[in-house]
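A short write-up of the structure that comes next.
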There are 4 protein chains.
Amino acid sequence: MGESGNSRWQRKKEARPSEILDAALMLFVDKGYRATKMEDIAQAAGVTKGTPYLYFQNKEEIFKAVVRETIVARMQAMSAQLAQLHDASGSQLLGMALENWWIHIGATRSAGLCKLMAAEATNFPELALFYYEEVIRPARQLLGHIVQRGMDSGEFRPANIEHVIDMLTAPMLMTMILSHSFGQVPGCCESLTQDPLAFLKTALQLTLQGLQNPPAPDTQS
Amino acid sequence: MGESGNSRWQRKKEARPSEILDAALMLFVDKGYRATKMEDIAQAAGVTKGTPYLYFQNKEEIFKAVVRETIVARMQAMSAQLAQLHDASGSQLLGMALENWWIHIGATRSAGLCKLMAAEATNFPELALFYYEEVIRPARQLLGHIVQRGMDSGEFRPANIEHVIDMLTAPMLMTMILSHSFGQVPGCCESLTQDPLAFLKTALQLTLQGLQNPPAPDTQS
Amino acid sequence: MGESGNSRWQRKKEARPSEILDAALMLFVDKGYRATKMEDIAQAAGVTKGTPYLYFQNKEEIFKAVVRETIVARMQAMSAQLAQLHDASGSQLLGMALENWWIHIGATRSAGLCKLMAAEATNFPELALFYYEEVIRPARQLLGHIVQRGMDSGEFRPANIEHVIDMLTAPMLMTMILSHSFGQVPGCCESLTQDPLAFLKTALQLTLQGLQNPPAPDTQS
Amino acid sequence: MGESGNSRWQRKKEARPSEILDAALMLFVDKGYRATKMEDIAQAAGVTKGTPYLYFQNKEEIFKAVVRETIVARMQAMSAQLAQLHDASGSQLLGMALENWWIHIGATRSAGLCKLMAAEATNFPELALFYYEEVIRPARQLLGHIVQRGMDSGEFRPANIEHVIDMLTAPMLMTMILSHSFGQVPGCCESLTQDPLAFLKTALQLTLQGLQNPPAPDTQS
DNA sequence: GATGAATGAGCTTTCATTCAT
DNA sequence: GATGAATGAAAGCTCATTCAT
């Protein structure tokens with residue numbers, strides 16, 4: 001009262017909610033929604049059992065907040081980078097987009113959210129819908145625009161846009177999911193998580209090659 | 001007495017375990033391991049609470065059995081098809097391998113196991129290892145052999161084999177996971193699960209094109 | 001049908017109930033009433049789960065039957081021996097009585113019933129009452145008569161009869177209980193169950209000496 | 001607000017464990033380990049189902065704690081009294097030891113633990129061993145020392161020490177067991193539990209007489 | 001008679017949530 | 001705000017008992 005005593009504690013008070021969400025993110029990603037105990041979250045956040053309830057209504061709301069907060073934060077970081085889409089080629093833009101995603105999401109704990117959302121989508125349909133609207137769709141739209149422009153400009157040959165987006169997304173999704181599942185299990189790692197960024201780059205190049213070069217004249221079925 | 005009188009005895013003892021595993025597979029895939037109640041499994045299998053325990057030691061053993069039985073059965077079906085690998089081209093072999101996988105696993109409920117295993121891998125490390133050894137590794141090895149042969153014969157240009165395998169696998173993994181997560185949520189489906197087989201074929205072709213055609217001579221790596 | 005086929009099986013059919021009771025006795029004594037499963041009893045009796053219910057209404061009835069049958073059988077064996085109570089001295093009679101009890105009950109599985117009844121008396125009051133009436137009281141009465149006669153004849157000095165009976169009974173009770181409890185636990189046995197009969201004889205002699213010899217003139221309080 | 005408002009908070013956290021153990025002791029002694037429900041224990045302790053698990057890992061740990069706490073507490077009370085063993089005669093010392101035991105254990109609820117341990121020894125061998133080491137053996141050792149000294153000094157005539165200890169123990173054991181089994185059953189009480197202390201004194205005297213006076217010269221062993 | 005698959009009440013244990021302090 | 005003792009619904013698992021065969 002008055003002296004505002006310990007400044008470290010003062011700072012902490014404002015930080016509580018996000019500390020709790022951080023702890024929750026980590027645990028949810030690691031153990032799944034059901035297997036994560038509220039007390040574990042509290043403990044990991046350095047508070048006691050009752051405290052999370054001062055900031056969140058219940059476990060489900062924490063889960064939703066984790067998704068929302070993480071998404072919002074990460075997506076904002078992405079947005080900043082995406083303003084650079086000046087007049088680079090389609091290939092370059094795709095490379096930058098994927099690298100951005102990797103840096104801001106794929107290589108961070110947020111990537112675990114992907115696995116988490118996939119695992120819990122059917123248990124939390126509205127949350128899944130939110131995630132779809134806020135993450136999946138915007139991301140796909142961004143990629144779609146780039147690809148479309150490339151096709152319009154003749155850089156890429158015509159193809160089903162959605163499929164191309166899927167092609168571009170799949171390696172990232174795979175990497176994010178595997179690195180937070182089998183990648184964590186000793187003995188499964190051999191061929192899985194070594195140098196994911198290298199794989200992502202290779203994958204992009206392989207896709208771009210298929211997209212750029214004209215198909216052999218007699219190839220289309 | 002025609003088709004037997006009492007419904008309690010209509011089905012045979014031998015059918016019970018697989019009925020229970022069927023029910024469990026569906027529920028596990030749908031709701032996750034923790035969120036699936038034993039009584040739900042029993043009910044879905046048309047029996048009461050105690051009956052699953054006559055055939056399985058506990059919930060975890062049911063989970064393991066689901067993975068094992070589904071995997072083993074599907075993998076055997078795959079094996080039969082894989083004996084056909086005579087003297088087709090690498091592209092054709094890869095096409096057949098992926099189509100087989102799609103038909104026998106990707107398009108069935110078994111695909112949900114993939115999501116399940118990814119979600120629960122860190123909770124059941126030992127089971128994850130088993131899954132890795134019995135499913136992931138063999139599948140990757142098979143693809144690896146085909147790709148290697150294609151490179152040796154000059155059909156494919158040289159590249160990091162593991163990355164190519166990842167490239168070939170990623171679309172399938174993505175399809176299987178999304179169709180059992182967001183794909184089930186009304187409103188998320190727009191661009192996700194429509195005609196997955198078409199996507200898989202496109203993806204394969206795109207990858208093959210990147211693999212077959214020589215890179216443009218002036219493309220910087 | 002007709003040939004009466006296998007004579008060993010024929011014999012067994014009549015023996016079923018007592019085989020079940022034998023098995024039940026052993027298990028009850030060993031593990032207690034609650035911890036003994038009906039299926040264990042069946043298995044130990046060489047039959048299947050449902051069979052005990054053909055001969056006994058339920059678990060509690062089996063328990064009661066075990067007590068009743070064992071008691072009746074053993075008590076009859078005792079009775080035969082007790083007809084010998086001709087005109088031996090009190091000391092001799094007591095020695096014979098206790099030795100008989102030891103041979104027919106104390107050294108047999110029936111001794112475990114004692115521990116069992118003590119453990120379950122409050123859970124099965126009417127059974128306890130039955131046991132008291134059929135076992136404890138008659139046994140005490142028999143001892144009481146002998147002691148009384150000894151006092152009347154001057155062989156024993158006057159004392160509280162009930163206490164003398166307790167004195168005579170306690171070593172037997174202790175032996176029977178300990179040999180079916182701590183005596184079974186490796187590491188507890190050191191001083192407990194070695195040569196119980198020798199102890200019983202010593203105990204009797206010690207008691208008799210206290211009873212026979214005139215107390216030091218100034219001893220009675 | 002006088003004696004505090006809400007009954008849920010009237011008692012202190014520190015009191016809970018011993019309240020629970022008290023309740024458990026009573027119920028275990030009364031009904032046996034298996035027949036005692038956790039919820040009964042909770043209820044008897046004035047709390048709800050979940051509360052005992054805040055203080056004890058599980059039912060078995062409660063059982064062990066009951067034994068440990070009761071034993072340790074009582075044994076410590078005994079130890080204090082045993083420091084008095086100055087230079088009284090063997091008879092006097094034995095009388096004091098038994099009376100102490102009676103006052104601190106035999107006449108309390110702790111006596112029921114004896115029955116309990118005998119009933120459950122084979123189900124909890126490790127606990128039985130603990131009980132043997134902490135209770136049975138020390139008690140026997142104490143008695144053994146006294147008897148040995150008496151023999152050395154000529155107060156007692158030579159005899160098998162273990163048997164003498166058994167002789168001294170048996171009446172106490174019998175009293176403790178019977179009073180917590182048949183003694184609780186209406187109708188069985190006639191000759192059993194009336195004035196146990198009187199019996200214990202008589203028994204001791206009888207034993208001492210057998211031990212002190214020289215055997216009649218012509219008594220054949 | 002005998003079997004053994006199935007039942008379902010009952011028990012132990014967990015954990016999200018509350019609330020007096 | 002923060003605590004953490006207490007709650008009690010919920011879930012896993014057991015086992016006495018039944019009954020079609």
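Here, A, B, ... name the chains of the structure tokens in the order displayed, residue numbers run from 1 inside each chain, and ligands are numbered from 1 in the same displayed order.
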Polymer residues at most 8 Å from region 162-166 of chain D, only C-alpha atoms (C1' of nucleotides), same-chain spacing of 6 or more positions, as a ChimeraX atom specification: /C:171,191,199,202-203 /D:140,143-144,147
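With CA of Ala170 (chain A) on one side and CA of Ala77 (chain A) on the other, the separation reads 21.8 Å.
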Please identify all polymer residues within 8 Å of region 39-53 of chain D, counting only C-alpha atoms (C1' of nucleotides), omitting same-chain residues fewer than 3 positions from it, and present them as a PyMOL selection string. (chain D and resi 17+19-20+22-24+27+36+56-58) or (chain F and resi 6-8)
Selected residues written out, C-alpha atoms (C1' of nucleotides), as a tab-separated table (two decimals), in the first residue's frame:
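Generated file (selection_9.tsv):
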chain	number	residue	atom	x	y	z
D	17	PRO	CA	-4.93	-36.06	9.27
D	19	GLU	CA	-9.14	-36.93	12.54
D	20	ILE	CA	-9.05	-39.06	9.45
D	22	ASP	CA	-8.99	-41.76	14.11
D	23	ALA	CA	-12.00	-42.40	11.97
D	24	ALA	CA	-10.13	-44.95	9.92
D	27	LEU	CA	-13.79	-48.39	11.09
D	36	THR	CA	-14.29	-50.18	5.15
D	56	PHE	CA	-2.99	-39.59	2.18
D	57	GLN	CA	-2.09	-41.13	-1.11
D	58	ASN	CA	-4.64	-43.88	-0.96
F	6	DA	C1'	-12.63	-28.63	0.72
F	7	DT	C1'	-16.05	-30.23	-2.37
F	8	DG	C1'	-18.47	-33.63	-5.26
By how many Å are CA of Met38 (chain D) and CA of Leu113 (chain D) apart? 18.0 Å
Report the residues of region 90-155 of chain B whose backbone DSSP state falls under helix (DSSP H, G or I), written as a PyMOL selection string. chain B and resi 90-106+110-120+125-152
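For the residues D:Leu127, D:Met174, D:Leu94, D:Leu142, ranking by smallest atom-to-atom distance to Thr207 (chain D) using only C-alpha atoms places D:Leu94 first.
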Between CA of Leu204 (chain A) and CA of Ile136 (chain A) lies a distance of 18.8 Å
With 8 Å as the limit and counting only C-alpha atoms (C1' of nucleotides), what residues in chain E lie close to chain C? Please list them as a PyMOL selection string. chain E and resi 2-4
Got a sec: who's within 8 Å of Phe182 (chain A), counting only C-alpha atoms (C1' of nucleotides), leaving out chain neighbours fewer than 2 positions off, as a PyMOL selection string? (chain A and resi 178-180+184-185+188-189) or (chain B and resi 118+121-122+128-129+132)
Could you save the residues just selected, with all heavy atoms, as a tab-separated table (two decimals), in the first residue's frame?
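Full text of result-v8.tsv as output:
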chain	number	residue	atom	x	y	z
A	178	LEU	N	4.66	-32.98	-36.54
A	178	LEU	CA	5.59	-34.05	-36.15
A	178	LEU	C	6.58	-33.60	-35.09
A	178	LEU	O	6.92	-34.36	-34.19
A	178	LEU	CB	6.33	-34.58	-37.39
A	178	LEU	CG	5.45	-35.37	-38.36
A	178	LEU	CD1	6.31	-35.99	-39.46
A	178	LEU	CD2	4.66	-36.45	-37.64
A	179	SER	N	7.00	-32.36	-35.18
A	179	SER	CA	7.99	-31.92	-34.20
A	179	SER	C	7.38	-31.81	-32.81
A	179	SER	O	8.09	-31.80	-31.81
A	179	SER	CB	8.60	-30.59	-34.63
A	179	SER	OG	7.65	-29.56	-34.51
A	180	HIS	N	6.05	-31.71	-32.73
A	180	HIS	CA	5.42	-31.68	-31.42
A	180	HIS	C	4.75	-33.00	-31.04
A	180	HIS	O	3.99	-33.05	-30.07
A	180	HIS	CB	4.40	-30.55	-31.35
A	180	HIS	CG	5.03	-29.21	-31.22
A	180	HIS	ND1	5.46	-28.48	-32.29
A	180	HIS	CD2	5.38	-28.49	-30.12
A	180	HIS	CE1	6.00	-27.35	-31.88
A	180	HIS	NE2	5.97	-27.33	-30.57
A	184	GLN	N	9.13	-35.57	-30.30
A	184	GLN	CA	9.48	-35.48	-28.90
A	184	GLN	C	9.81	-36.83	-28.29
A	184	GLN	O	10.28	-36.90	-27.15
A	184	GLN	CB	8.31	-34.88	-28.09
A	184	GLN	CG	7.75	-33.60	-28.66
A	184	GLN	CD	8.48	-32.39	-28.14
A	184	GLN	OE1	9.44	-32.53	-27.38
A	184	GLN	NE2	8.07	-31.22	-28.57
A	185	VAL	N	9.48	-37.88	-29.00
A	185	VAL	CA	9.65	-39.22	-28.44
A	185	VAL	C	11.03	-39.75	-28.79
A	185	VAL	O	11.36	-39.86	-29.96
A	185	VAL	CB	8.56	-40.16	-28.97
A	185	VAL	CG1	8.78	-41.57	-28.44
A	185	VAL	CG2	7.18	-39.65	-28.58
A	188	CYS	N	12.11	-41.94	-32.08
A	188	CYS	CA	11.33	-41.69	-33.29
A	188	CYS	C	11.98	-40.64	-34.18
A	188	CYS	O	11.53	-40.40	-35.30
A	188	CYS	CB	9.92	-41.20	-32.95
A	188	CYS	SG	8.93	-42.37	-32.04
A	189	CYS	N	13.01	-40.02	-33.68
A	189	CYS	CA	13.46	-38.77	-34.27
A	189	CYS	C	14.32	-38.95	-35.52
A	189	CYS	O	14.51	-38.00	-36.28
A	189	CYS	CB	14.29	-37.99	-33.25
A	189	CYS	SG	13.85	-38.34	-31.58
B	118	ALA	N	-0.63	-38.60	-33.31
B	118	ALA	CA	0.08	-37.33	-33.19
B	118	ALA	C	-0.33	-36.62	-31.91
B	118	ALA	O	0.50	-36.07	-31.17
B	118	ALA	CB	-0.21	-36.45	-34.41
B	121	ALA	N	1.04	-38.89	-28.86
B	121	ALA	CA	2.40	-39.46	-28.90
B	121	ALA	C	3.18	-39.17	-27.62
B	121	ALA	O	3.81	-40.06	-27.05
B	121	ALA	CB	3.15	-38.95	-30.11
B	122	THR	N	3.10	-37.94	-27.16
B	122	THR	CA	3.90	-37.61	-25.98
B	122	THR	C	3.32	-38.22	-24.71
B	122	THR	O	4.03	-38.39	-23.73
B	122	THR	CB	4.03	-36.08	-25.80
B	122	THR	OG1	2.72	-35.52	-25.73
B	122	THR	CG2	4.76	-35.47	-26.98
B	128	ALA	N	3.95	-44.68	-29.18
B	128	ALA	CA	4.40	-43.86	-30.31
B	128	ALA	C	5.58	-44.53	-31.00
B	128	ALA	O	5.66	-44.57	-32.23
B	128	ALA	CB	4.79	-42.47	-29.81
B	129	LEU	N	6.46	-45.08	-30.20
B	129	LEU	CA	7.63	-45.75	-30.77
B	129	LEU	C	7.18	-46.95	-31.60
B	129	LEU	O	7.65	-47.17	-32.72
B	129	LEU	CB	8.56	-46.20	-29.63
B	129	LEU	CG	10.00	-46.49	-29.99
B	129	LEU	CD1	10.60	-45.34	-30.77
B	129	LEU	CD2	10.81	-46.76	-28.74
B	132	TYR	N	5.75	-45.73	-34.72
B	132	TYR	CA	6.82	-45.26	-35.59
B	132	TYR	C	7.50	-46.44	-36.30
B	132	TYR	O	7.70	-46.44	-37.51
B	132	TYR	CB	7.86	-44.48	-34.79
B	132	TYR	CG	9.04	-44.02	-35.59
B	132	TYR	CD1	8.92	-42.98	-36.51
B	132	TYR	CD2	10.28	-44.64	-35.45
B	132	TYR	CE1	9.99	-42.57	-37.26
B	132	TYR	CE2	11.36	-44.23	-36.20
B	132	TYR	CZ	11.22	-43.19	-37.11
B	132	TYR	OH	12.29	-42.79	-37.86
